[in-house]
Each structure stands twice: as C-alpha cells, then as structure tokens.
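Pasting start_11.txt here (compact mmCIF, C-alpha atoms and all ligand atoms):
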# COMPACT_ATOMS: atom_id res chain seq x y z
CA MET A 28 4.54 4.95 -13.38
CA LYS A 29 3.45 5.83 -9.86
CA GLN A 30 4.76 3.38 -7.25
CA GLY A 31 2.11 1.21 -5.52
CA ILE A 32 1.31 1.35 -1.82
CA PHE A 33 2.49 -1.32 0.62
CA ILE A 34 0.03 -2.32 3.38
CA THR A 35 0.75 -4.94 6.04
CA LEU A 36 -1.45 -6.68 8.61
CA GLU A 37 0.08 -7.57 11.94
CA GLY A 38 -0.84 -9.01 15.31
CA GLY A 39 -0.49 -12.05 17.56
CA GLU A 40 -1.89 -15.52 16.96
CA GLY A 41 -5.54 -15.75 15.88
CA VAL A 42 -6.35 -12.02 16.10
CA GLY A 43 -8.02 -12.03 12.66
CA LYS A 44 -5.37 -11.08 10.08
CA SER A 45 -6.35 -13.68 7.48
CA THR A 46 -10.05 -12.97 8.07
CA ASN A 47 -9.68 -9.23 7.45
CA ILE A 48 -7.17 -9.19 4.60
CA LEU A 49 -9.81 -10.14 2.03
CA PHE A 50 -12.07 -7.38 3.32
CA ILE A 51 -9.31 -4.82 2.68
CA LYS A 52 -8.62 -6.23 -0.77
CA ASN A 53 -12.31 -5.88 -1.69
CA GLN A 54 -12.40 -2.32 -0.38
CA LEU A 55 -9.36 -1.34 -2.44
CA GLU A 56 -10.65 -3.04 -5.57
CA ALA A 57 -13.98 -1.24 -5.16
CA ALA A 58 -11.96 1.99 -5.28
CA GLY A 59 -10.47 0.87 -8.62
CA ILE A 60 -7.08 -0.17 -7.26
CA SER A 61 -5.18 -3.18 -8.55
CA VAL A 62 -3.97 -5.11 -5.51
CA ILE A 63 -2.11 -8.34 -4.80
CA MET A 64 -2.50 -10.28 -1.58
CA THR A 65 0.44 -12.15 -0.11
CA ARG A 66 1.88 -13.35 3.20
CA GLU A 67 5.00 -13.91 5.28
CA PRO A 68 6.79 -16.11 5.81
CA GLY A 69 5.91 -17.19 2.27
CA GLY A 70 4.68 -15.54 -0.89
CA THR A 71 6.86 -17.39 -3.44
CA GLU A 72 7.29 -21.12 -4.07
CA PHE A 73 10.70 -21.12 -2.36
CA SER A 74 9.55 -18.92 0.55
CA GLU A 75 6.52 -21.14 1.13
CA LYS A 76 8.95 -24.07 1.55
CA ILE A 77 10.84 -22.02 4.15
CA ARG A 78 7.48 -21.30 5.83
CA GLN A 79 6.83 -25.04 6.13
CA LEU A 80 10.28 -25.54 7.67
CA LEU A 81 9.63 -22.74 10.17
CA LEU A 82 6.10 -23.65 11.21
CA GLU A 83 6.30 -27.45 11.40
CA ASN A 84 6.56 -28.95 14.86
CA ARG A 85 9.78 -30.95 15.14
CA ASP A 86 11.91 -32.72 17.75
CA GLU A 87 15.11 -30.88 16.84
CA ILE A 88 15.29 -27.49 18.56
CA VAL A 89 15.47 -24.70 15.99
CA THR A 90 17.99 -22.09 17.15
CA GLU A 91 16.85 -18.44 17.27
CA GLN A 92 19.62 -17.59 14.83
CA ALA A 93 18.45 -20.20 12.31
CA GLU A 94 14.88 -18.99 12.77
CA ILE A 95 15.56 -15.31 12.15
CA LEU A 96 17.85 -15.97 9.19
CA LEU A 97 15.21 -18.17 7.59
CA MET A 98 12.60 -15.42 8.12
CA PHE A 99 14.83 -12.95 6.29
CA ALA A 100 15.80 -15.51 3.62
CA ALA A 101 12.10 -16.00 2.83
CA ARG A 102 11.64 -12.21 2.91
CA ALA A 103 14.52 -11.56 0.49
CA GLN A 104 12.94 -13.89 -2.10
CA HIS A 105 9.51 -12.42 -1.49
CA ILE A 106 10.66 -8.81 -1.90
CA GLN A 107 12.73 -9.51 -5.01
CA HIS A 108 10.20 -11.67 -6.84
CA VAL A 109 6.80 -10.41 -5.67
CA ILE A 110 6.62 -7.23 -3.59
CA GLN A 111 9.05 -4.95 -5.38
CA PRO A 112 7.94 -5.86 -8.94
CA ALA A 113 4.28 -5.31 -8.03
CA LEU A 114 4.94 -1.93 -6.37
CA SER A 115 7.07 -0.84 -9.34
CA GLN A 116 4.16 -1.61 -11.67
CA GLY A 117 1.87 0.59 -9.56
CA GLN A 118 0.04 -2.31 -7.92
CA TRP A 119 -0.80 -2.13 -4.24
CA VAL A 120 0.55 -4.94 -2.07
CA LEU A 121 -1.40 -6.31 0.89
CA CYS A 122 0.77 -8.55 3.05
CA ASP A 123 -0.27 -10.77 5.98
CA ARG A 124 2.71 -10.15 8.31
CA PHE A 125 6.06 -8.53 7.46
CA THR A 126 9.09 -7.30 9.40
CA ASP A 127 7.07 -5.95 12.33
CA SER A 128 6.40 -9.66 13.05
CA THR A 129 10.17 -10.15 13.32
CA TYR A 130 10.46 -7.26 15.79
CA ALA A 131 7.54 -8.69 17.80
CA TYR A 132 8.30 -12.45 17.71
CA GLN A 133 12.09 -12.64 17.45
CA GLY A 134 12.72 -9.28 19.19
CA GLY A 135 9.93 -9.32 21.81
CA GLY A 136 9.18 -13.05 22.09
CA ARG A 137 12.69 -14.48 21.73
CA LYS A 138 14.46 -11.39 23.14
CA MET A 139 16.88 -11.20 20.23
CA ASP A 140 19.02 -8.10 19.70
CA ILE A 141 16.95 -5.32 18.10
CA ASN A 142 20.07 -3.79 16.55
CA MET A 143 20.67 -7.05 14.69
CA ILE A 144 17.08 -7.06 13.43
CA GLU A 145 17.49 -3.46 12.25
CA TRP A 146 20.75 -4.40 10.52
CA LEU A 147 19.10 -7.32 8.69
CA GLU A 148 16.10 -5.15 7.82
CA ASN A 149 18.33 -2.51 6.23
CA LYS A 150 20.46 -5.07 4.37
CA ILE A 151 17.56 -7.13 3.01
CA GLN A 152 14.95 -4.44 2.43
CA GLY A 153 16.97 -1.35 1.58
CA ALA A 154 14.47 1.51 1.88
CA LEU A 155 11.37 -0.69 1.59
CA ARG A 156 8.99 -0.16 4.54
CA PRO A 157 5.20 -0.53 4.76
CA ASP A 158 3.21 2.65 4.01
CA LEU A 159 0.49 1.49 6.40
CA THR A 160 0.37 -1.29 8.99
CA ILE A 161 -2.90 -2.42 10.54
CA LEU A 162 -2.05 -3.91 13.94
CA LEU A 163 -4.87 -6.08 15.26
CA ASP A 164 -4.55 -6.16 19.01
CA ALA A 165 -6.35 -8.49 21.43
CA PRO A 166 -5.57 -10.06 24.80
CA VAL A 167 -3.43 -13.17 24.29
CA ALA A 168 -6.13 -15.52 25.65
CA ILE A 169 -8.66 -14.33 23.05
CA GLY A 170 -6.34 -14.92 20.08
CA MET A 171 -5.14 -18.29 21.38
CA ASP A 172 -8.71 -19.39 22.01
CA ARG A 173 -9.59 -18.56 18.39
CA ALA A 174 -6.44 -20.31 17.11
CA ASN A 175 -7.11 -23.37 19.30
CA LYS A 176 -10.62 -23.78 17.91
CA ARG A 177 -9.13 -24.03 14.42
CA GLY A 178 -7.29 -27.28 15.25
CA LYS A 179 -3.66 -28.43 15.39
CA LEU A 180 -1.20 -25.78 16.62
CA ASP A 181 2.02 -24.97 14.72
CA ARG A 182 5.51 -24.47 16.23
CA PHE A 183 4.87 -20.79 17.08
CA GLU A 184 1.42 -21.51 18.50
CA SER A 185 2.93 -24.00 20.96
CA GLU A 186 4.91 -21.44 22.99
CA GLN A 187 4.35 -20.42 26.63
CA GLN A 188 1.91 -17.65 27.59
CA THR A 189 4.74 -15.22 28.52
CA PHE A 190 6.12 -15.51 24.98
CA TYR A 191 2.83 -14.20 23.52
CA GLU A 192 2.55 -11.50 26.19
CA ASN A 193 6.03 -10.31 25.18
CA VAL A 194 5.07 -10.44 21.49
CA ARG A 195 2.00 -8.32 22.18
CA ALA A 196 3.96 -5.80 24.28
CA ALA A 197 6.61 -5.50 21.54
CA TYR A 198 3.94 -4.80 18.91
CA LEU A 199 2.33 -2.11 21.05
CA LYS A 200 5.69 -0.51 21.78
CA ARG A 201 6.47 -0.44 18.06
CA ALA A 202 3.10 1.17 17.35
CA GLN A 203 3.98 3.92 19.82
CA GLN A 204 7.35 4.42 18.13
CA LYS A 205 5.86 4.52 14.61
CA PRO A 206 2.48 6.27 14.86
CA ASP A 207 2.58 7.40 11.22
CA GLN A 208 2.92 3.83 9.96
CA ILE A 209 1.13 1.64 12.51
CA ARG A 210 -2.58 1.92 13.38
CA VAL A 211 -3.77 -0.19 16.30
CA ILE A 212 -7.24 -1.73 15.99
CA ASN A 213 -8.96 -3.40 18.93
CA ALA A 214 -9.53 -6.97 17.66
CA ASP A 215 -11.41 -7.98 20.82
CA GLN A 216 -14.77 -6.86 19.46
CA SER A 217 -17.25 -8.13 16.88
CA LEU A 218 -15.92 -8.73 13.40
CA ASP A 219 -18.25 -6.03 12.04
CA ARG A 220 -16.74 -3.46 14.38
CA VAL A 221 -13.21 -4.53 13.52
CA LYS A 222 -14.02 -4.20 9.81
CA ASN A 223 -15.53 -0.75 10.38
CA GLU A 224 -12.36 0.48 12.05
CA ILE A 225 -10.11 -1.04 9.41
CA GLY A 226 -12.36 0.43 6.71
CA PHE A 227 -11.92 3.88 8.24
CA GLU A 228 -8.11 3.60 8.12
CA ILE A 229 -8.21 2.48 4.50
CA GLN A 230 -10.51 5.38 3.59
CA GLN A 231 -8.08 7.78 5.25
CA LEU A 232 -5.25 6.33 3.18
CA LEU A 233 -7.30 6.56 -0.03
CA SER A 234 -8.17 10.19 0.68
CA ARG A 235 -4.45 11.07 1.01
CA ARG A 236 -3.63 9.52 -2.38
N1 LIG A 301 6.56 -15.15 12.38
C1 LIG A 301 6.25 -14.59 11.17
C2 LIG A 301 7.71 -14.79 13.08
O1 LIG A 301 8.01 -15.34 14.15
N2 LIG A 301 8.54 -13.83 12.53
C3 LIG A 301 8.29 -13.25 11.32
O2 LIG A 301 9.08 -12.40 10.87
C4 LIG A 301 7.08 -13.64 10.62
C5 LIG A 301 6.77 -13.02 9.30
C6 LIG A 301 3.18 -17.37 10.93
C7 LIG A 301 3.97 -17.54 12.18
O3 LIG A 301 5.27 -17.08 11.94
C8 LIG A 301 5.68 -16.19 12.96
C9 LIG A 301 4.41 -15.64 13.54
C10 LIG A 301 3.40 -16.73 13.33
O4 LIG A 301 3.35 -17.52 14.48
P1 LIG A 301 0.63 -17.37 10.45
O5 LIG A 301 -0.21 -18.56 10.21
O6 LIG A 301 0.87 -16.47 9.33
O7 LIG A 301 1.96 -17.96 11.09
O8 LIG A 301 0.11 -16.47 11.62
P2 LIG A 301 -0.97 -16.78 12.67
O9 LIG A 301 -1.09 -15.62 13.59
O10 LIG A 301 -0.69 -18.13 13.28
O11 LIG A 301 -2.23 -16.85 11.76
P3 LIG A 301 -3.62 -17.22 12.25
O12 LIG A 301 -4.36 -17.69 11.03
O13 LIG A 301 -3.58 -18.10 13.45
O14 LIG A 301 -4.20 -15.88 12.80
P4 LIG A 301 -5.00 -14.75 12.10
O15 LIG A 301 -4.81 -14.78 10.65
O16 LIG A 301 -4.70 -13.50 12.82
O17 LIG A 301 -6.49 -15.15 12.49
P5 LIG A 301 -7.66 -15.65 11.55
O18 LIG A 301 -8.12 -14.55 10.69
O19 LIG A 301 -7.31 -16.95 10.95
O20 LIG A 301 -8.79 -15.85 12.67
C11 LIG A 301 -8.74 -16.89 13.61
C12 LIG A 301 -10.17 -17.33 13.97
O21 LIG A 301 -10.80 -16.28 14.68
C13 LIG A 301 -12.01 -15.89 14.04
C14 LIG A 301 -11.87 -16.34 12.60
O22 LIG A 301 -13.13 -16.58 12.03
C15 LIG A 301 -11.03 -17.60 12.75
O23 LIG A 301 -11.85 -18.70 13.03
N3 LIG A 301 -12.12 -14.42 14.20
C16 LIG A 301 -13.01 -13.83 15.02
N4 LIG A 301 -13.95 -14.33 15.85
C17 LIG A 301 -14.68 -13.43 16.56
N5 LIG A 301 -14.50 -12.09 16.51
C18 LIG A 301 -13.59 -11.53 15.69
N6 LIG A 301 -13.41 -10.20 15.66
C19 LIG A 301 -12.78 -12.43 14.92
N7 LIG A 301 -11.76 -12.24 14.03
C20 LIG A 301 -11.38 -13.47 13.61

In structure tokens, how does this file's structure come out?
Ligand code: T5A
Amino acid sequence: MKQGIFITLEGGEGVGKSTNILFIKNQLEAAGISVIMTREPGGTEFSEKIRQLLLENRDEIVTEQAEILLMFAARAQHIQHVIQPALSQGQWVLCDRFTDSTYAYQGGGRKMDINMIEWLENKIQGALRPDLTILLDAPVAIGMDRANKRGKLDRFESEQQTFYENVRAAYLKRAQQKPDQIRVINADQSLDRVKNEIGFEIQQLLSRR
C-alpha cells in the first residue's frame, strides 16, 4: 500500500493553526483522501497527559531539559501509536505542530543546543519528517492579541516578548533552510486570504501526487 502523506502546521501563539487545520482536512477529504487530524504535544491518551503537564502554569520552575525530554516523550508515543500506523495504511496525517516547534521554541526561544535537538529527532523519529509544513507567520503582537482574547494564558503563552520574537526568527530561519518542506504563509491578513494561500499549497501537493 502507498504510504500516506504527512502535513504539519506550525507558527507562534495564536497565528491560526487550529482554525485552519479543519479547512485543510475538508479540502483533502473533498479530493477523496482519507485523513486524520492530530496535534502535538498530544495525540494519544498518554501524550495528552504530558501536554497537560507541559502547558499548565505552576510554581515549580520546569527545567529546559525536562521540557524538551517531555516533548520528545509525547512525540515517541504519538509516532508509534498514531502517526506511523496511519501513514503505513495510506492515510494522510495532518498534525497541529511537530518537531519544527521544538526547533523554534526550545531551540530559538530557550536557546537550547540545536545539535541535541537534531540528535533527539533522529533517535525518536528515525527517517520520519513532514512532507509539507505550512508555517503561519505573523508579527508577535498580532498572535498574542488573538491568544489573549481567547482567555487564560498557558505556561508558554506567559513568556516575555523576546522569547516569542526568537521563536518567530527561528521558524523563519528554518523555512529558509528547508524550502522544499516549509511554506511560509502570511497570517497577518484576513482569514479568507490565509485560506486561499493554504489552499493553493495543498493543490500544489495534490497535483504532485
Ligand atoms: N511547544 C509545542 C513547544 O514548546 N515545543 C514543541 O515541540 C511543541 C510541539 C502548545 C504549546 O507547546 C509549545 C508551543 C505552544 O506554546 P498549542 O495550544 O498547541 O500549545 O499552541 P498555541 O499556539 O498556543 O495554539 P493557539 O490555539 O493559541 O494558536 P493557533 O492554533 O495558532 O490559533 P487559533 O487558530 O486558535 O486562533 C487564535 C484566534 O485567532 C483567530 C481565531 O478565530 C482565534 O480566535 N484567528 C484570526 N483572526 C483574524 N484573522 C485571522 N487570519 C485569524 N486566524 C485566526
């Protein structure tokens, strides 16, 4: 059976990943493709528990090492139990965040060693990499404003402005390094325009199938 295609959505806080993922799913299903929608950290019962641990605000300071290892622990479960089986059965997988988030948040935001992230990526994922990544990019203030309007902020949404600027810069740098995988979409425009641009990228992918 032909292996499925792995698509990820990336970007800073509140740029519109969750809003647009359903749009992509509908577009793929309209083209007759069987697709599952999932997210990181999370995607399995166990990984969703890790997500709660990671996102909850708490008094105890979570070390960067604990944070990154938990991200990859959740990812290992997710790959083994959800992503890989679906791809092997020919299903397409649509994932809200994946390892590019680790490069952006832990690498860019927390300034952790990129070589260590690469090492963990290779160990945990083997050869698994996204076939296409939609990177929604918007000025930090726009995304934070949207996230703020939604209510209580989680542990990652309570960082300083420079943290998010570094996250954004790391995403854009990665997009430059991986032009075949990562497509940057300007998320600082109307939702209809954002959807149009995403729709174009998905059509391109479908035409290469
Ligand atoms: N993390 C994750 C790491 O540090 N390392 C890792 O390896 C991984 C995998 C996960 C957190 O974990 C961190 C990063 C994250 O901080 P999350 O909830 O998955 O948290 O991610 P968030 O970015 O916090 O998710 P959000 O729901 O805040 O952002 P979205 O999904 O990008 O935004 P969305 O779609 O909910 O939209 C926000 C609001 O904006 C509106 C929407 O209607 C919504 O109200 N909106 C627009 N308004 C106007 N114009 C547009 N174009 C709009 N698009 C959306």

Task: Long-range neighbours of Arg124 of chain A as a ChimeraX atom specification, 10 Å cut-off, only C-alpha atoms, 3 positions minimum in chain - done: /A:34-39,44-45,65-69,121,127-129,160-162

TODO: Check which residues fall inside 8 Å of ligand LIG 301 (chain A) when counting only C-alpha atoms and all ligand atoms, and print them as a PyMOL selection string.
DONE: chain A and resi 37-47+66-68+78+81-82+94-95+98-99+123-133+163+170+173-174+176-177+181-184+214-221

Open item on the list: Just to confirm, what's the straight-line distance from atom CA of Leu233 of chain A to atom CA of Ile110 of chain A in Å (one decimal)?
Closed with: 19.9 Å

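Across A:Glu148, A:Glu186, A:Asp158, A:Glu87, the tightest approach to Ile32 of chain A is made by A:Asp158 when counting all atoms listed in the file.
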
Open item on the list: Could you tell me how far atom CA of Met64 of chain A sits from atom CA of Asn213 of chain A, in Å to one decimal place?
Closed with: 22.6 Å

Please build the interface table for segment 44-126 of chain A against segment 150-157 of chain A with a cut-off of 8 Å, listing for each qualifying residue the nearest atom pair and the distance in Å to one decimal; count all atoms listed in the file, order rows by chain and increasing number, and write it as a tab-separated table.
residue	atom	partner	partner_atom	distance
A:Phe99	CA	A:Ile151	CA	7.2
A:Arg102	CA	A:Ile151	CA	7.8
A:Ala103	CA	A:Ile151	CA	5.9
A:Ile106	CA	A:Gln152	CA	7.5

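What separates atom CA of Ser115 of chain A from atom CA of Phe33 of chain A is a distance of 11.0 Å.
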
TODO: Find, counting only C-alpha atoms, the residue in A:Met28, A:Ile51, A:Val194, A:Ile77 that gets nearest to Met139 of chain A.
DONE: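 Distance minimum relative to Met139 of chain A lands on A:Val194.
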
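Of the listed residues A:Lys222, A:Arg195, A:Lys179, A:Lys200, the one whose atoms come nearest to Glu83 of chain A is A:Lys179, with distances taken using only C-alpha atoms.
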
Open item on the list: For Glu56 of chain A, find every residue with an atom within 12 Å (counting all atoms listed in the file), except residues of its own chain fewer than 6 positions away, and show them as a PyMOL selection string.
Closed with: chain A and resi 49-50+62-64+118-121+229+233

Model the absent atoms of segment 165-189 of chain A so that N, CA, C and O atoms are present, and write the result as a short mmCIF file (atom, residue, chain, number, x, y, z; two decimals), in the frame of the given file.
data_model
loop_
_atom_site.label_atom_id
_atom_site.label_comp_id
_atom_site.auth_asym_id
_atom_site.auth_seq_id
_atom_site.Cartn_x
_atom_site.Cartn_y
_atom_site.Cartn_z
N ALA A 165 -5.37 -7.86 20.52
CA ALA A 165 -6.35 -8.49 21.43
C ALA A 165 -5.59 -9.16 22.56
O ALA A 165 -4.42 -9.55 22.37
N PRO A 166 -6.23 -9.32 23.73
CA PRO A 166 -5.57 -10.06 24.80
C PRO A 166 -5.15 -11.43 24.28
O PRO A 166 -5.85 -12.04 23.46
N VAL A 167 -4.00 -11.92 24.78
CA VAL A 167 -3.43 -13.17 24.29
C VAL A 167 -4.45 -14.32 24.35
O VAL A 167 -4.58 -15.11 23.41
N ALA A 168 -5.20 -14.40 25.46
CA ALA A 168 -6.13 -15.52 25.65
C ALA A 168 -7.19 -15.56 24.55
O ALA A 168 -7.58 -16.63 24.10
N ILE A 169 -7.62 -14.39 24.10
CA ILE A 169 -8.66 -14.33 23.05
C ILE A 169 -8.11 -14.91 21.74
O ILE A 169 -8.73 -15.78 21.11
N GLY A 170 -6.93 -14.44 21.33
CA GLY A 170 -6.34 -14.92 20.08
C GLY A 170 -6.04 -16.41 20.13
O GLY A 170 -6.30 -17.14 19.17
N MET A 171 -5.50 -16.87 21.27
CA MET A 171 -5.14 -18.29 21.38
C MET A 171 -6.40 -19.16 21.38
O MET A 171 -6.40 -20.25 20.82
N ASP A 172 -7.45 -18.64 22.00
CA ASP A 172 -8.71 -19.39 22.01
C ASP A 172 -9.21 -19.56 20.58
O ASP A 172 -9.60 -20.66 20.17
N ARG A 173 -9.15 -18.48 19.79
CA ARG A 173 -9.59 -18.56 18.39
C ARG A 173 -8.70 -19.52 17.60
O ARG A 173 -9.18 -20.33 16.81
N ALA A 174 -7.37 -19.44 17.83
CA ALA A 174 -6.44 -20.31 17.11
C ALA A 174 -6.66 -21.78 17.51
O ALA A 174 -6.65 -22.67 16.65
N ASN A 175 -6.89 -22.00 18.80
CA ASN A 175 -7.11 -23.37 19.30
C ASN A 175 -8.32 -24.03 18.65
O ASN A 175 -8.29 -25.21 18.32
N LYS A 176 -9.37 -23.22 18.47
CA LYS A 176 -10.62 -23.78 17.91
C LYS A 176 -10.40 -24.25 16.48
O LYS A 176 -11.15 -25.07 15.97
N ARG A 177 -9.37 -23.68 15.82
CA ARG A 177 -9.13 -24.03 14.42
C ARG A 177 -8.45 -25.39 14.26
O ARG A 177 -8.36 -25.92 13.17
N GLY A 178 -7.90 -25.95 15.36
CA GLY A 178 -7.29 -27.28 15.25
C GLY A 178 -5.83 -27.30 15.66
O GLY A 178 -5.42 -26.54 16.53
N LYS A 179 -5.04 -28.15 14.98
CA LYS A 179 -3.66 -28.43 15.39
C LYS A 179 -2.81 -27.15 15.42
O LYS A 179 -2.89 -26.32 14.50
N LEU A 180 -2.01 -27.00 16.48
CA LEU A 180 -1.20 -25.78 16.62
C LEU A 180 0.16 -25.96 15.97
O LEU A 180 0.75 -27.04 16.03
N ASP A 181 0.69 -24.88 15.33
CA ASP A 181 2.02 -24.97 14.72
C ASP A 181 3.10 -24.66 15.76
O ASP A 181 2.82 -24.44 16.94
N ARG A 182 4.37 -24.62 15.30
CA ARG A 182 5.51 -24.47 16.23
C ARG A 182 5.41 -23.15 17.03
O ARG A 182 5.71 -23.13 18.23
N PHE A 183 4.95 -22.08 16.38
CA PHE A 183 4.87 -20.79 17.08
C PHE A 183 3.65 -20.73 18.01
O PHE A 183 3.64 -19.96 18.95
N GLU A 184 2.63 -21.54 17.67
CA GLU A 184 1.42 -21.51 18.50
C GLU A 184 1.55 -22.42 19.72
O GLU A 184 0.61 -22.55 20.49
N SER A 185 2.73 -23.06 19.85
CA SER A 185 2.93 -24.00 20.96
C SER A 185 3.88 -23.41 22.02
O SER A 185 4.48 -24.15 22.81
N GLU A 186 4.03 -22.10 22.01
CA GLU A 186 4.91 -21.44 22.99
C GLU A 186 4.18 -21.22 24.32
O GLU A 186 2.98 -21.43 24.43
N GLN A 187 4.94 -20.73 25.32
CA GLN A 187 4.35 -20.42 26.63
C GLN A 187 3.62 -19.06 26.57
O GLN A 187 3.94 -18.22 25.73
N GLN A 188 2.70 -18.89 27.50
CA GLN A 188 1.91 -17.65 27.59
C GLN A 188 2.78 -16.38 27.62
O GLN A 188 2.48 -15.40 26.95
N THR A 189 3.89 -16.43 28.40
CA THR A 189 4.74 -15.22 28.52
C THR A 189 5.32 -14.82 27.17
O THR A 189 5.50 -13.64 26.89
#
